[in-house]
Amino acid sequence: MSALISIGIALAGAAVGIAGYVCIRRIIMKGRKDSIIEKAELEAENIKKERILQAKEKFLQLKSEHEQYINEKNSQLKDAENRIKQKENSLNQQNSELQRKMRDADNAKASFQAQQETLTKKTEEYERLSAQANKQLETIAGMSAQEAKNILIENMKAEARTEAQAYINDTMDEARLNASKEAKRIVINTIQRTATETAIENAVTTFPIENDEIKGRIIGREGRNIRTLETLTGVELIIDDTPEAVILSGFDPIRREVARIALEKLIVDGRIHPARIEEMVEKAQKEVETMIREEGEAATLEVGVHGIHPELVKLLGRMKFRTS
């Protein structure tokens, strides 16, 4: 009996020990769980802060790039506005010059009319004096009627010839005046219809490019590249929304050809900056001079003329770039 009690007590003690062990283990595991959750929450908070910081940096970068893009566009717009204002000033000057010429023409017309009136008065005075002379001749001459008649006939013939010549001159002057007015009207109408298109065709060269990204490189930072190219070639570069094209504007076709060749070399080379632009423009000028000389020599050989002065040969070669 005492053995059974001892076994029962031992089993009870073992059960109590196992229960205590399980409770202690649960307490330890719960502490570890809380520590892991706290650590995970801390790491999540750090990751969240890091992501927010990265997002802010990305936002600031995008904002800076956007502001730089806007500044470049504003600079391009200002350059375009300045070119438009220059063209408006040029047109205003041309209009003023045309108005001045029209005033000069009106003054010349008034002067001509005054001279015409003076000539008419002198003609009337001549006719009056001629009539008086005929009357005095009839009274004083003391000649026969036939002689007086003959003299009168001769005077009348001379007077008729004078009147006929005056009438012819008046008719011719009127015809010239009307012809001049009509010619001016026709020329003005023709100029108004075709001058703009002809001037644009003769003063513009379109330079094709592969993509619009090259336009930004041609303009350069703060417009340095485009200003250098325009200064060295004397040609205006128009870079607008025209897709895959740059407009070379200038009244000198040789300068436009130099600008075209220089621009082509710069794009092929890939290095576009003021020093490189100056070098390429110099090469383009030499290339165009060589082309002009070769064209002049070919023209002289074609017509069979030899021994021409080199300057004349160059002049013949420059005819290749004429548009009229």
# chains A, B, ... in the order shown; residues from 1 in each chain; ligands from 1

call {"tool": "residues_around", "arguments": {"residues": "region 254-268 of chain A", "least_positions_apart": "6", "cutoff": "10 Å", "atoms": "only C-alpha atoms", "output": "JSON, numbers by chain"}}
result
{"A": [203, 204, 205, 206, 207, 208, 209, 210, 214, 217, 218, 229, 230, 232, 233, 234, 235, 236, 237, 246, 247, 248, 276, 277, 278, 279, 280, 281, 282, 283, 284, 285, 286, 287, 288, 289, 292, 318, 320, 321, 322]}

call {"tool": "write_last_selection", "arguments": {"atoms": "N, CA and C atoms", "output": "compact mmCIF listing (two decimals), in the first residue's frame"}}
result
# COMPACT_ATOMS: atom_id res chain seq x y z
N ALA A 203 15.53 81.86 -100.21
CA ALA A 203 16.28 82.21 -99.01
C ALA A 203 16.23 81.13 -97.94
N VAL A 204 15.69 79.95 -98.24
CA VAL A 204 15.52 78.91 -97.22
C VAL A 204 16.02 77.57 -97.75
N THR A 205 16.75 76.85 -96.90
CA THR A 205 17.18 75.49 -97.19
C THR A 205 16.75 74.60 -96.03
N THR A 206 16.09 73.48 -96.35
CA THR A 206 15.63 72.55 -95.32
C THR A 206 16.69 71.46 -95.13
N PHE A 207 17.16 71.31 -93.89
CA PHE A 207 18.19 70.32 -93.57
C PHE A 207 17.54 69.18 -92.79
N PRO A 208 17.47 67.97 -93.36
CA PRO A 208 16.81 66.85 -92.65
C PRO A 208 17.70 66.28 -91.55
N ILE A 209 17.08 65.85 -90.46
CA ILE A 209 17.80 65.19 -89.37
C ILE A 209 17.08 63.89 -89.03
N GLU A 210 17.81 62.97 -88.35
CA GLU A 210 17.26 61.65 -88.07
C GLU A 210 16.17 61.69 -87.01
N ILE A 214 18.40 65.62 -81.84
CA ILE A 214 19.57 66.34 -82.34
C ILE A 214 19.35 67.85 -82.26
N ARG A 217 20.86 69.25 -79.17
CA ARG A 217 22.32 69.31 -79.24
C ARG A 217 22.79 70.44 -80.13
N ILE A 218 22.03 70.72 -81.20
CA ILE A 218 22.40 71.83 -82.10
C ILE A 218 22.24 73.15 -81.35
N LEU A 229 27.18 78.96 -84.51
CA LEU A 229 27.00 78.56 -85.92
C LEU A 229 26.42 79.70 -86.74
N GLU A 230 25.45 80.44 -86.18
CA GLU A 230 24.86 81.56 -86.92
C GLU A 230 25.88 82.68 -87.11
N LEU A 232 29.24 82.44 -87.27
CA LEU A 232 30.32 82.06 -88.18
C LEU A 232 29.85 81.95 -89.63
N THR A 233 28.61 81.52 -89.85
CA THR A 233 28.12 81.31 -91.22
C THR A 233 27.30 82.47 -91.76
N GLY A 234 26.77 83.32 -90.87
CA GLY A 234 25.91 84.40 -91.33
C GLY A 234 24.54 83.92 -91.77
N VAL A 235 24.15 82.72 -91.33
CA VAL A 235 22.86 82.13 -91.70
C VAL A 235 22.04 81.92 -90.43
N GLU A 236 20.75 82.18 -90.51
CA GLU A 236 19.87 81.98 -89.36
C GLU A 236 19.34 80.55 -89.34
N LEU A 237 19.45 79.89 -88.20
CA LEU A 237 18.93 78.53 -88.02
C LEU A 237 17.57 78.61 -87.32
N VAL A 246 15.58 71.00 -89.83
CA VAL A 246 16.10 72.29 -89.37
C VAL A 246 16.12 73.22 -90.58
N ILE A 247 15.64 74.45 -90.41
CA ILE A 247 15.54 75.41 -91.51
C ILE A 247 16.76 76.32 -91.47
N LEU A 248 17.47 76.43 -92.63
CA LEU A 248 18.58 77.36 -92.79
C LEU A 248 18.08 78.55 -93.60
N ARG A 276 34.43 72.96 -81.89
CA ARG A 276 34.26 72.03 -83.01
C ARG A 276 33.46 72.67 -84.14
N ILE A 277 32.49 73.51 -83.79
CA ILE A 277 31.70 74.20 -84.83
C ILE A 277 32.61 75.10 -85.66
N GLU A 278 33.50 75.84 -85.00
CA GLU A 278 34.42 76.73 -85.73
C GLU A 278 35.30 75.93 -86.69
N GLU A 279 35.76 74.78 -86.24
CA GLU A 279 36.61 73.93 -87.09
C GLU A 279 35.83 73.41 -88.30
N MET A 280 34.61 72.95 -88.08
CA MET A 280 33.80 72.39 -89.17
C MET A 280 33.38 73.47 -90.17
N VAL A 281 33.09 74.67 -89.68
CA VAL A 281 32.73 75.76 -90.60
C VAL A 281 33.90 76.11 -91.50
N GLU A 282 35.10 76.13 -90.93
CA GLU A 282 36.29 76.41 -91.75
C GLU A 282 36.48 75.34 -92.83
N LYS A 283 36.29 74.06 -92.45
CA LYS A 283 36.41 72.99 -93.44
C LYS A 283 35.33 73.11 -94.52
N ALA A 284 34.12 73.47 -94.11
CA ALA A 284 33.01 73.61 -95.07
C ALA A 284 33.29 74.75 -96.04
N GLN A 285 33.87 75.86 -95.55
CA GLN A 285 34.19 76.98 -96.43
C GLN A 285 35.23 76.56 -97.47
N LYS A 286 36.23 75.83 -97.05
CA LYS A 286 37.25 75.36 -98.00
C LYS A 286 36.63 74.41 -99.02
N GLU A 287 35.73 73.55 -98.56
CA GLU A 287 35.07 72.61 -99.47
C GLU A 287 34.21 73.33 -100.50
N VAL A 288 33.49 74.36 -100.07
CA VAL A 288 32.66 75.13 -101.00
C VAL A 288 33.53 75.90 -101.99
N GLU A 289 34.65 76.47 -101.52
CA GLU A 289 35.56 77.17 -102.43
C GLU A 289 36.11 76.21 -103.49
N ILE A 292 33.35 75.58 -105.98
CA ILE A 292 33.15 76.71 -106.88
C ILE A 292 34.23 76.72 -107.97
N ARG A 318 30.52 80.37 -109.02
CA ARG A 318 29.48 80.85 -108.09
C ARG A 318 28.11 80.87 -108.73
N LYS A 320 26.67 78.53 -110.00
CA LYS A 320 25.99 77.27 -109.66
C LYS A 320 24.96 77.47 -108.56
N PHE A 321 25.22 78.46 -107.67
CA PHE A 321 24.34 78.66 -106.53
C PHE A 321 23.30 79.74 -106.77
N ARG A 322 23.27 80.32 -107.97
CA ARG A 322 22.25 81.33 -108.26
C ARG A 322 20.89 80.67 -108.49

call {"tool": "atom_distance", "arguments": {"atom1": "CA of Val313 (chain A)", "atom2": "CA of Arg293 (chain A)"}}
result
6.5 Å

call {"tool": "closest_residue", "arguments": {"among": "A:Leu315, A:Ile168, A:Ile153, A:Ile226", "to": "Pro274 (chain A)", "atoms": "only C-alpha atoms"}}
result
A:Ile226

call {"tool": "residues_around", "arguments": {"residues": "Asp79 (chain A)", "least_positions_apart": "5", "cutoff": "9 Å", "atoms": "only C-alpha atoms", "output": "number ranges by chain"}}
result
A: 74, 84, 223

call {"tool": "select_by_dssp", "arguments": {"residues": "region 52-294 of chain A", "states": "helix (DSSP H, G or I)", "output": "number ranges by chain"}}
result
A: 52-140, 145-203, 213-219, 221-233, 253-269, 274-294

call {"tool": "residues_around", "arguments": {"residues": "region 110-116 of chain A", "least_positions_apart": "4", "cutoff": "12 Å", "atoms": "only C-alpha atoms", "output": "list in words"}}
result
Arg103, Asp104, Ala105, Asp106, Thr120, Lys121, Lys122, Thr123, Ala166, Asn169, Asp170, Asp173, Glu174 and Leu177 of chain A

call {"tool": "residues_around", "arguments": {"residues": "region 67-72 of chain A", "least_positions_apart": "2", "cutoff": "12 Å", "atoms": "only C-alpha atoms", "output": "number ranges by chain"}}
result
A: 60-65, 74-79, 216-217, 219-223

call {"tool": "residues_around", "arguments": {"residues": "Val303 (chain A)", "least_positions_apart": "6", "cutoff": "12 Å", "atoms": "only C-alpha atoms", "output": "PyMOL selection string"}}
result
chain A and resi 296-297+316

call {"tool": "write_last_selection", "arguments": {"atoms": "N, CA and C atoms", "output": "compact mmCIF listing (two decimals), in the first residue's frame"}}
result
# COMPACT_ATOMS: atom_id res chain seq x y z
N GLY A 296 33.61 76.23 -112.01
CA GLY A 296 34.05 77.23 -112.98
C GLY A 296 34.96 76.63 -114.04
N GLU A 297 35.88 75.76 -113.64
CA GLU A 297 36.77 75.11 -114.60
C GLU A 297 35.99 74.21 -115.55
N LEU A 316 32.38 82.30 -112.38
CA LEU A 316 31.55 81.34 -113.11
C LEU A 316 31.08 80.21 -112.20
